[in-house]
$ cat structure.csv   # CSV, C-alpha atoms and all ligand atoms
chain,number,residue,atom,x,y,z
A,1470,MET,CA,-2.1,-1.1,-11.6
A,1471,SER,CA,-3.8,1.5,-9.4
A,1472,GLU,CA,-1.9,4.7,-8.9
A,1473,ALA,CA,1.5,3.0,-9.3
A,1474,GLY,CA,1.3,3.9,-13.0
A,1475,ALA,CA,0.0,7.1,-14.6
A,1476,MET,CA,0.3,9.5,-17.5
A,1477,THR,CA,2.1,12.7,-17.5
A,1478,ASP,CA,0.0,15.8,-16.5
A,1479,LYS,CA,-0.3,16.9,-20.2
A,1480,GLU,CA,-1.7,13.6,-21.2
A,1481,HIS,CA,-4.2,13.2,-18.4
A,1482,PRO,CA,-7.8,14.0,-18.9
A,1483,ASP,CA,-9.0,16.6,-16.4
A,1484,ASP,CA,-10.9,14.2,-14.2
A,1485,VAL,CA,-7.8,12.0,-13.6
A,1486,ARG,CA,-5.6,15.0,-13.0
A,1487,ALA,CA,-7.9,16.2,-10.3
A,1488,ALA,CA,-8.0,12.7,-8.6
A,1489,SER,CA,-4.3,12.0,-8.5
A,1490,LEU,CA,-0.9,13.7,-7.9
A,1491,VAL,CA,2.5,12.6,-9.1
A,1492,THR,CA,4.8,11.6,-6.3
A,1493,ALA,CA,8.0,13.6,-5.9
A,1494,ASN,CA,10.3,10.5,-6.3
A,1495,ARG,CA,9.0,8.6,-9.4
A,1496,ARG,CA,6.9,6.2,-7.3
A,1497,GLY,CA,3.7,6.5,-9.3
A,1498,ARG,CA,0.7,8.6,-8.3
A,1499,THR,CA,-1.1,9.1,-5.1
A,1500,THR,CA,-4.9,9.6,-5.1
A,1501,THR,CA,-6.4,12.7,-3.6
A,1502,ARG,CA,-9.7,10.8,-2.9
A,1503,LEU,CA,-9.9,7.9,-0.5
A,1504,ASN,CA,-10.1,4.5,-2.1
A,1505,GLU,CA,-12.1,1.6,-0.5
A,1506,ILE,CA,-9.2,0.3,1.6
A,1507,ASN,CA,-8.1,3.8,2.7
A,1508,ARG,CA,-11.7,4.4,3.9
A,1509,ARG,CA,-11.7,1.0,5.8
A,1510,PHE,CA,-8.4,1.9,7.4
A,1511,ALA,CA,-9.8,5.3,8.5
A,1512,ASP,CA,-13.0,3.8,9.8
A,1513,LEU,CA,-11.2,1.2,11.9
A,1514,ALA,CA,-8.7,3.8,13.1
A,1515,GLY,CA,-11.5,5.7,14.7
A,1516,SER,CA,-11.9,2.9,17.3
A,1517,ALA,CA,-8.2,1.8,17.5
A,1518,ALA,CA,-6.9,1.4,21.1
A,1519,ARG,CA,-3.3,2.0,20.0
A,1520,PRO,CA,-1.6,4.1,17.3
A,1521,VAL,CA,-2.0,3.2,13.6
A,1522,LEU,CA,0.7,3.2,10.9
A,1523,ASP,CA,0.3,4.4,7.2
A,1524,LEU,CA,3.2,2.9,5.2
A,1525,GLY,CA,4.1,4.9,2.0
A,1526,CYS,CA,1.7,7.6,2.9
A,1527,ALA,CA,2.8,10.1,0.1
A,1528,PHE,CA,1.0,13.4,0.8
A,1529,GLY,CA,-1.2,11.9,3.5
A,1530,VAL,CA,-4.5,11.0,1.9
A,1531,ALA,CA,-5.2,8.1,4.2
A,1532,ALA,CA,-3.2,9.3,7.2
A,1533,HIS,CA,-5.2,12.5,7.2
A,1534,ALA,CA,-8.5,10.5,7.2
A,1535,ALA,CA,-7.3,8.4,10.1
A,1536,LEU,CA,-6.3,11.6,12.0
A,1537,ALA,CA,-9.8,13.0,11.3
A,1538,SER,CA,-11.4,9.9,12.8
A,1539,GLY,CA,-9.5,10.4,16.0
A,1540,ALA,CA,-6.5,8.0,15.8
A,1541,THR,CA,-2.9,8.6,16.7
A,1542,VAL,CA,-1.1,8.1,13.4
A,1543,HIS,CA,2.5,7.2,12.4
A,1544,ALA,CA,2.9,8.4,8.8
A,1545,ASN,CA,5.8,6.7,7.0
A,1546,ASP,CA,7.3,7.5,3.6
A,1547,ILE,CA,10.7,7.1,2.0
A,1548,ASP,CA,10.6,10.7,0.7
A,1549,PRO,CA,11.0,13.5,3.3
A,1550,ALA,CA,9.2,16.0,1.0
A,1551,HIS,CA,6.1,13.8,1.1
A,1552,LEU,CA,6.1,13.7,4.9
A,1553,GLU,CA,6.5,17.5,5.0
A,1554,ALA,CA,3.4,17.9,2.9
A,1555,THR,CA,1.6,15.3,5.1
A,1556,ALA,CA,2.4,17.4,8.2
A,1557,ARG,CA,1.6,20.7,6.6
A,1558,ASP,CA,-1.8,19.6,5.3
A,1559,ALA,CA,-2.9,17.6,8.3
A,1560,PRO,CA,-6.5,18.4,9.5
A,1561,PRO,CA,-6.5,21.4,12.0
A,1562,GLY,CA,-6.0,20.4,15.6
A,1563,THR,CA,-4.4,17.0,14.9
A,1564,SER,CA,-0.7,17.8,14.9
A,1565,ASP,CA,-0.2,16.3,18.4
A,1566,ARG,CA,-1.5,12.9,17.1
A,1567,LEU,CA,0.6,12.9,14.0
A,1568,HIS,CA,4.1,11.3,14.2
A,1569,LEU,CA,6.3,11.3,11.1
A,1570,ALA,CA,8.2,8.1,10.5
A,1571,PRO,CA,10.7,8.7,7.7
A,1572,GLY,CA,12.6,5.8,6.1
A,1573,ALA,CA,12.4,2.8,3.7
A,1574,PHE,CA,10.0,0.1,4.9
A,1575,PRO,CA,10.9,-2.5,6.0
A,1576,ALA,CA,14.7,-2.0,6.6
A,1577,GLU,CA,14.6,1.5,8.1
A,1578,LEU,CA,11.5,1.3,10.2
A,1579,ASP,CA,10.9,0.0,13.7
A,1580,PHE,CA,8.2,0.1,16.4
A,1581,ALA,CA,7.9,-1.6,19.8
A,1582,PRO,CA,6.3,-5.0,19.8
A,1583,GLU,CA,2.4,-5.0,19.9
A,1584,SER,CA,2.4,-1.1,19.9
A,1585,LEU,CA,0.1,-0.7,16.8
A,1586,SER,CA,-3.6,-1.5,16.2
A,1587,LEU,CA,-3.5,-1.1,12.4
A,1588,VAL,CA,-1.0,-1.0,9.6
A,1589,HIS,CA,-2.1,0.3,6.2
A,1590,ALA,CA,-0.2,0.1,2.9
A,1591,SER,CA,-1.9,1.5,-0.2
A,1592,ASN,CA,0.0,1.1,-3.4
A,1593,LEU,CA,3.3,0.5,-1.5
A,1594,LEU,CA,4.0,-3.2,-1.7
A,1595,ASN,CA,4.6,-2.8,-5.5
A,1596,PHE,CA,7.9,-1.1,-4.7
A,1597,LEU,CA,9.2,-4.0,-2.6
A,1598,SER,CA,10.9,-7.2,-3.6
A,1599,GLY,CA,9.5,-10.5,-2.5
A,1600,ALA,CA,12.2,-10.7,0.2
A,1601,GLU,CA,11.3,-7.3,1.4
A,1602,ILE,CA,7.6,-8.2,1.6
A,1603,GLU,CA,8.6,-11.3,3.7
A,1604,ALA,CA,10.7,-9.2,6.0
A,1605,GLY,CA,8.1,-6.5,6.1
A,1606,PHE,CA,5.3,-8.9,7.1
A,1607,ALA,CA,7.4,-10.3,9.9
A,1608,LYS,CA,7.9,-6.8,11.2
A,1609,ILE,CA,4.2,-5.9,10.9
A,1610,ALA,CA,3.3,-9.1,12.7
A,1611,ALA,CA,5.6,-8.1,15.6
A,1612,TRP,CA,4.3,-4.5,15.7
A,1613,LEU,CA,0.6,-5.3,15.7
A,1614,GLU,CA,-1.3,-5.9,18.9
A,1615,PRO,CA,-3.2,-9.3,19.1
A,1616,GLY,CA,-6.3,-8.8,16.9
A,1617,GLY,CA,-4.6,-5.9,15.0
A,1618,ARG,CA,-4.9,-5.8,11.3
A,1619,PHE,CA,-2.8,-5.1,8.2
A,1620,LEU,CA,-4.9,-3.6,5.3
A,1621,SER,CA,-3.5,-3.1,1.8
A,1622,ILE,CA,-4.3,-2.5,-1.8
A,1623,SER,CA,-1.7,-3.1,-4.5
A,1624,GLY,CA,-1.3,-3.2,-8.2
A,1625,SER,CA,-1.7,-6.6,-9.9
A,1626,PRO,CA,-0.2,-7.9,-13.1
A,1627,TYR,CA,-3.5,-7.2,-14.9
A,1628,ALA,CA,-3.5,-3.5,-15.7
A,1629,ALA,CA,-3.8,-1.9,-19.1
A,1630,ASN,CA,-0.6,0.2,-19.0
A,1631,ILE,CA,1.5,-2.9,-18.2
A,1632,ARG,CA,-0.6,-5.4,-20.2
A,1633,ALA,CA,2.5,-6.8,-21.9
A,1634,PHE,CA,3.7,-8.1,-18.5
A,1635,GLY,CA,0.6,-10.3,-18.0
A,1636,PRO,CA,2.0,-13.2,-20.1
A,1637,VAL,CA,5.4,-12.9,-18.5
A,1638,TYR,CA,3.8,-13.1,-15.1
A,1639,GLU,CA,1.7,-16.2,-16.2
A,1640,ALA,CA,4.8,-17.9,-17.5
A,1641,ASN,CA,6.7,-17.1,-14.3
A,1642,ARG,CA,3.8,-18.6,-12.3
A,1643,ALA,CA,3.6,-21.7,-14.4
A,1644,ALA,CA,7.4,-22.1,-13.9
A,1645,GLY,CA,6.9,-22.1,-10.2
A,1646,LEU,CA,8.7,-18.8,-9.4
A,1647,ALA,CA,8.2,-17.8,-5.8
A,1648,TRP,CA,7.6,-14.2,-6.8
A,1649,PRO,CA,6.2,-14.4,-10.4
A,1650,GLY,CA,5.2,-10.7,-10.4
A,1651,GLU,CA,8.7,-9.2,-9.9
A,1652,CYS,CA,9.5,-7.1,-12.9
A,1653,HIS,CA,13.1,-6.0,-12.9
A,1654,ASP,CA,13.0,-3.9,-16.1
A,1655,LEU,CA,9.7,-2.3,-16.6
A,1656,PRO,CA,10.6,-0.2,-19.6
A,1657,ALA,CA,11.7,-3.4,-21.4
A,1658,VAL,CA,8.2,-4.8,-21.1
A,1659,SER,CA,6.0,-1.8,-21.7
A,1660,ASP,CA,6.4,1.4,-23.7
A,1661,ASP,CA,3.2,2.9,-22.3
A,1662,PRO,CA,3.9,6.6,-21.5
A,1663,THR,CA,2.9,6.1,-17.9
A,1664,ILE,CA,6.0,4.0,-17.3
A,1665,SER,CA,8.1,7.1,-17.1
A,1666,GLU,CA,6.5,7.8,-13.6
A,1667,LEU,CA,7.7,4.5,-12.2
A,1668,PRO,CA,11.0,3.0,-11.2
A,1669,ALA,CA,12.5,0.2,-13.4
A,1670,PHE,CA,11.7,-2.4,-10.7
A,1671,LEU,CA,8.0,-3.0,-10.0
A,1672,HIS,CA,6.4,-5.9,-8.2
A,1673,LEU,CA,3.0,-6.8,-9.5
A,1674,VAL,CA,1.5,-8.9,-6.7
A,1675,ASP,CA,-1.3,-11.5,-6.5
A,1676,PRO,CA,-3.5,-12.8,-3.7
A,1677,ASP,CA,-1.5,-16.1,-3.4
A,1678,VAL,CA,2.0,-14.6,-2.9
A,1679,LEU,CA,0.7,-12.2,-0.3
A,1680,SER,CA,-1.2,-14.9,1.6
A,1681,ARG,CA,1.8,-17.2,1.6
A,1682,ALA,CA,4.1,-14.4,3.0
A,1683,ALA,CA,1.5,-13.3,5.6
A,1684,ARG,CA,1.0,-16.9,6.9
A,1685,ALA,CA,4.7,-17.4,7.1
A,1686,ALA,CA,4.8,-14.4,9.4
A,1687,GLY,CA,2.1,-15.8,11.6
A,1688,LEU,CA,-0.8,-13.6,10.4
A,1689,GLU,CA,-4.3,-14.9,9.6
A,1690,VAL,CA,-5.5,-14.0,6.1
A,1691,GLU,CA,-8.9,-12.4,6.2
A,1692,GLU,CA,-9.2,-11.2,2.6
A,1693,ALA,CA,-7.1,-11.8,-0.4
A,1694,ARG,CA,-8.6,-11.1,-3.8
A,1695,PHE,CA,-8.3,-9.3,-7.1
A,1696,PHE,CA,-10.3,-6.1,-7.0
A,1697,HIS,CA,-11.6,-3.4,-9.3
A,1698,ARG,CA,-11.3,-0.1,-7.4
A,1699,ALA,CA,-14.1,2.5,-7.9
A,1700,GLY,CA,-12.8,5.2,-10.2
A,1701,THR,CA,-10.0,3.2,-11.8
A,1702,PRO,CA,-8.6,5.4,-14.5
A,1703,ASP,CA,-8.9,4.2,-18.2
A,1704,TYR,CA,-5.2,3.8,-18.6
A,1705,ILE,CA,-5.2,1.2,-15.8
A,1706,ALA,CA,-8.7,-0.5,-16.2
A,1707,LEU,CA,-8.3,-3.9,-17.9
A,1708,ASP,CA,-10.6,-6.7,-16.8
A,1709,GLY,CA,-11.6,-6.0,-13.2
A,1710,ARG,CA,-8.4,-7.6,-11.7
A,1711,GLU,CA,-6.3,-4.4,-11.6
A,1712,ASN,CA,-5.8,-4.4,-7.9
A,1713,VAL,CA,-5.3,-6.8,-5.0
A,1714,VAL,CA,-7.0,-6.2,-1.7
A,1715,PHE,CA,-5.2,-8.0,1.1
A,1716,VAL,CA,-6.2,-7.9,4.8
A,1717,ALA,CA,-4.6,-10.0,7.5
A,1718,ARG,CA,-4.9,-10.1,11.2
A,1719,LYS,CA,-2.6,-11.0,14.1
A,1720,PRO,CA,-4.2,-13.9,15.9
A,1721,ILE,CA,-5.6,-13.4,19.4
A,1722,PRO,CA,-4.1,-15.9,21.9
A,1723,GLU,CA,-6.6,-18.4,23.3
A,1724,ASP,CA,-6.3,-17.0,26.8
A,1725,GLU,CA,-7.0,-13.4,25.6
A,1726,LYS,CA,-10.1,-14.3,23.6
A,1727,GLY,CA,-13.2,-12.5,25.0
A,1728,GLN,CA,-11.2,-9.4,25.8
A,1729,MET,CA,-11.7,-6.2,23.8
A,1730,HIS,CA,-10.0,-6.2,20.5
A,1731,PRO,CA,-10.5,-4.0,17.5
B,1,LIG,C1,2.1,5.1,-5.5
B,1,LIG,S1,2.4,6.1,-4.0
B,1,LIG,C2,1.0,5.7,-3.0
B,1,LIG,C3,0.7,6.7,-2.0
B,1,LIG,C4,-0.6,6.5,-1.1
B,1,LIG,N1,-0.4,5.5,-0.1
B,1,LIG,C5,-1.8,6.2,-2.0
B,1,LIG,O1,-2.3,5.1,-1.9
B,1,LIG,O2,-2.2,7.1,-2.7
B,1,LIG,C6,3.7,5.2,-3.2
B,1,LIG,C7,4.4,5.9,-2.0
B,1,LIG,O3,5.2,4.9,-1.3
B,1,LIG,C8,6.4,5.6,-1.0
B,1,LIG,N2,7.4,4.5,-0.9
B,1,LIG,C9,8.0,3.8,-1.9
B,1,LIG,N3,8.8,2.8,-1.4
B,1,LIG,C10,8.8,3.0,-0.1
B,1,LIG,C11,9.4,2.3,1.0
B,1,LIG,N4,10.2,1.2,0.8
B,1,LIG,N5,9.1,2.7,2.3
B,1,LIG,C12,8.3,3.7,2.5
B,1,LIG,N6,7.7,4.4,1.5
B,1,LIG,C13,7.9,4.0,0.3
B,1,LIG,C14,6.7,6.6,-2.1
B,1,LIG,O4,7.5,7.6,-1.7
B,1,LIG,C15,5.2,7.1,-2.4
B,1,LIG,O5,4.9,8.2,-1.6

$ encode --input "structure.csv" --output "C-alpha cells" --more "lines below"
Ligand SMILES: C[S@@+](CC[C@H](N)C(=O)[O-])C[C@H]1O[C@@H](n2cnc3c(N)ncnc32)[C@H](O)[C@@H]1O
Amino acid sequence: MSEAGAMTDKEHPDDVRAASLVTANRRGRTTTRLNEINRRFADLAGSAARPVLDLGCAFGVAAHAALASGATVHANDIDPAHLEATARDAPPGTSDRLHLAPGAFPAELDFAPESLSLVHASNLLNFLSGAEIEAGFAKIAAWLEPGGRFLSISGSPYAANIRAFGPVYEANRAAGLAWPGECHDLPAVSDDPTISELPAFLHLVDPDVLSRAARAAGLEVEEARFFHRAGTPDYIALDGRENVVFVARKPIPEDEKGQMHP
C-alpha cells in the first residue's frame, strides 16, 4: 500500500532506501521522489489563482514541488518535526509563500471558505477513519474555490505486505460494511516486518468509498480507480491495484461558468 508500509532500513534494498524516508511518528514512509499525483498537484499549482494545501506533507516532497512551480502553499502535518523539515528544506527564495499548518486533519485544521485552489493528500487518507474522511471531505469542499480540485493517492487493500487483509476486506464489502477497509488491528492480520512502521489502525480505501464520501460532500468525482504507481517497491507490489487515485472537483455554479477557473 504505497509508502504507508515499509521495511526497516536494514531490510531495505539500497534503491528503496534512497527513494523513501521513515516518518518520525510511525506513519509509514514518505517518498523522496514525486509520484504521479504529487506531480499533477505541482503542475496544477503552478497556475493556481489561490493558495494550495498539502495534507500530511511529511518532509515536504510535494509541497516543495508546488512552491517551485510558483504557488503559495499551506503545508499541513500532524507532526511538528515534519513541518520543521519542510520549512528548512524548502526551495531557496520560497519561504514567504510557505505557510505551515500544524494539526490533525480534519479536526484541527481550518481555512476560510473558497480560499484554496487545490488540496492534495498523498498517502494520508489511510490514517483516517471513515467518519474522519467524511468530515474531511466536507471541509475540503468548503475550502475549495468553485472549480478547485482535491487530488489524492492512497493505499488500497491489495498490497503484498498486507495481503492477509484482502480477504477480510472482501468479506466486509460483501457484508455491506460502509467502510470495509478499516483495519483496527493491523498486527493481528499481518506479520510482515513492514507493519512495525505503521499504527495499529489503518484504513485501506477503494474507489467506491471515496466516491460516495466525496459526492455526499458535494464534490464531483473526476477520477477514482485502482492504480499501479511507477516505482512501487517489491514489498508492496501485488497485482497492479496497490493504490487508489482519487480526484474530485468542486462544481462551478451555472452563473460562474465561462469565468476563469483552474
Ligand atoms: C505515509 S506519510 C506520506 C507523506 C507524503 N504525503 C508522501 O506522500 O510521501 C503520511 C504523513 O501524514 C501525516 N499524518 C498522519 N495523520 C495525519 C492527520 N490526521 N493530519 C495531518 N497529517 C497526518 C504523518 O505525520 C505523515 O507525515

$ closest_residue --input "structure.csv" --among "A:Ala1640, A:Ala1556, A:Ala1693, A:Ala1514" --to "Asn1712 in chain A" --atoms "only C-alpha atoms"
A:Ala1693

$ residues_near_point --input "structure.csv" --point "(9.5, 0.0, -11.6)" --cutoff "10 Å" --atoms "only C-alpha atoms" --output "list of chain:residue names"
A:Ala1473, A:Gly1474, A:Arg1495, A:Arg1496, A:Gly1497, A:Asn1595, A:Phe1596, A:Leu1597, A:Glu1651, A:Cys1652, A:His1653, A:Asp1654, A:Leu1655, A:Pro1656, A:Ile1664, A:Ser1665, A:Glu1666, A:Leu1667, A:Pro1668, A:Ala1669, A:Phe1670, A:Leu1671, A:His1672, A:Leu1673

$ atom_distance --input "structure.csv" --atom1 "CA of Ser1586 in chain A" --atom2 "CA of Ser1516 in chain A"
9.5 Å

$ atom_distance --input "structure.csv" --atom1 "CA of Glu1691 in chain A" --atom2 "CA of Val1716 in chain A"
5.4 Å

$ closest_residue --input "structure.csv" --among "A:Arg1509, A:His1589, A:Arg1557, A:Arg1642" --to "ligand LIG 1 (chain B)" --atoms "all atoms listed in the file"
A:His1589

$ residues_near_ligand --input "structure.csv" --ligand "ligand LIG 1 (chain B)" --cutoff "7 Å" --atoms "all atoms listed in the file" --output "compact mmCIF listing (two decimals) with C-alpha atoms, in the coordinates of the input"
# COMPACT_ATOMS: atom_id res chain seq x y z
CA GLU A 1472 -1.90 4.70 -8.90
CA ALA A 1473 1.50 3.00 -9.30
CA THR A 1492 4.80 11.60 -6.30
CA ASN A 1494 10.30 10.50 -6.30
CA ARG A 1496 6.90 6.20 -7.30
CA GLY A 1497 3.70 6.50 -9.30
CA ARG A 1498 0.70 8.60 -8.30
CA THR A 1499 -1.10 9.10 -5.10
CA THR A 1500 -4.90 9.60 -5.10
CA LEU A 1524 3.20 2.90 5.20
CA GLY A 1525 4.10 4.90 2.00
CA CYS A 1526 1.70 7.60 2.90
CA ALA A 1527 2.80 10.10 0.10
CA PHE A 1528 1.00 13.40 0.80
CA VAL A 1530 -4.50 11.00 1.90
CA ALA A 1531 -5.20 8.10 4.20
CA ASN A 1545 5.80 6.70 7.00
CA ASP A 1546 7.30 7.50 3.60
CA ILE A 1547 10.70 7.10 2.00
CA ASP A 1548 10.60 10.70 0.70
CA HIS A 1551 6.10 13.80 1.10
CA GLY A 1572 12.60 5.80 6.10
CA ALA A 1573 12.40 2.80 3.70
CA PHE A 1574 10.00 0.10 4.90
CA PRO A 1575 10.90 -2.50 6.00
CA ALA A 1590 -0.20 0.10 2.90
CA SER A 1591 -1.90 1.50 -0.20
CA ASN A 1592 0.00 1.10 -3.40
CA LEU A 1593 3.30 0.50 -1.50
CA PHE A 1596 7.90 -1.10 -4.70
CA LEU A 1597 9.20 -4.00 -2.60

$ closest_atom_pairs --input "structure.csv" --of "range 1501-1601 of chain A" --to "range 1608-1611 of chain A" --cutoff "12 Å" --atoms "all atoms listed in the file" --output "tab-separated table"
residue	atom	partner	partner_atom	distance
A:Val1521	CA	A:Ile1609	CA	11.3
A:Leu1522	CA	A:Ile1609	CA	9.7
A:Asp1523	CA	A:Ile1609	CA	11.6
A:Leu1524	CA	A:Ile1609	CA	10.5
A:Phe1574	CA	A:Lys1608	CA	9.6
A:Pro1575	CA	A:Lys1608	CA	7.4
A:Ala1576	CA	A:Lys1608	CA	9.5
A:Glu1577	CA	A:Lys1608	CA	11.1
A:Leu1578	CA	A:Lys1608	CA	8.9
A:Asp1579	CA	A:Lys1608	CA	7.8
A:Phe1580	CA	A:Ala1611	CA	8.6
A:Ala1581	CA	A:Ala1611	CA	8.1
A:Pro1582	CA	A:Ala1611	CA	5.3
A:Glu1583	CA	A:Ala1611	CA	6.2
A:Ser1584	CA	A:Ala1611	CA	8.8
A:Leu1585	CA	A:Ile1609	CA	8.9
A:Ser1586	CA	A:Ile1609	CA	10.4
A:Leu1587	CA	A:Ile1609	CA	9.2
A:Val1588	CA	A:Ile1609	CA	7.3
A:His1589	CA	A:Ile1609	CA	10.0
A:Ala1590	CA	A:Ile1609	CA	10.9
A:Glu1601	CA	A:Lys1608	CA	10.4

$ atom_distance --input "structure.csv" --atom1 "CA of Ala1532 in chain A" --atom2 "CA of Pro1520 in chain A"
11.5 Å
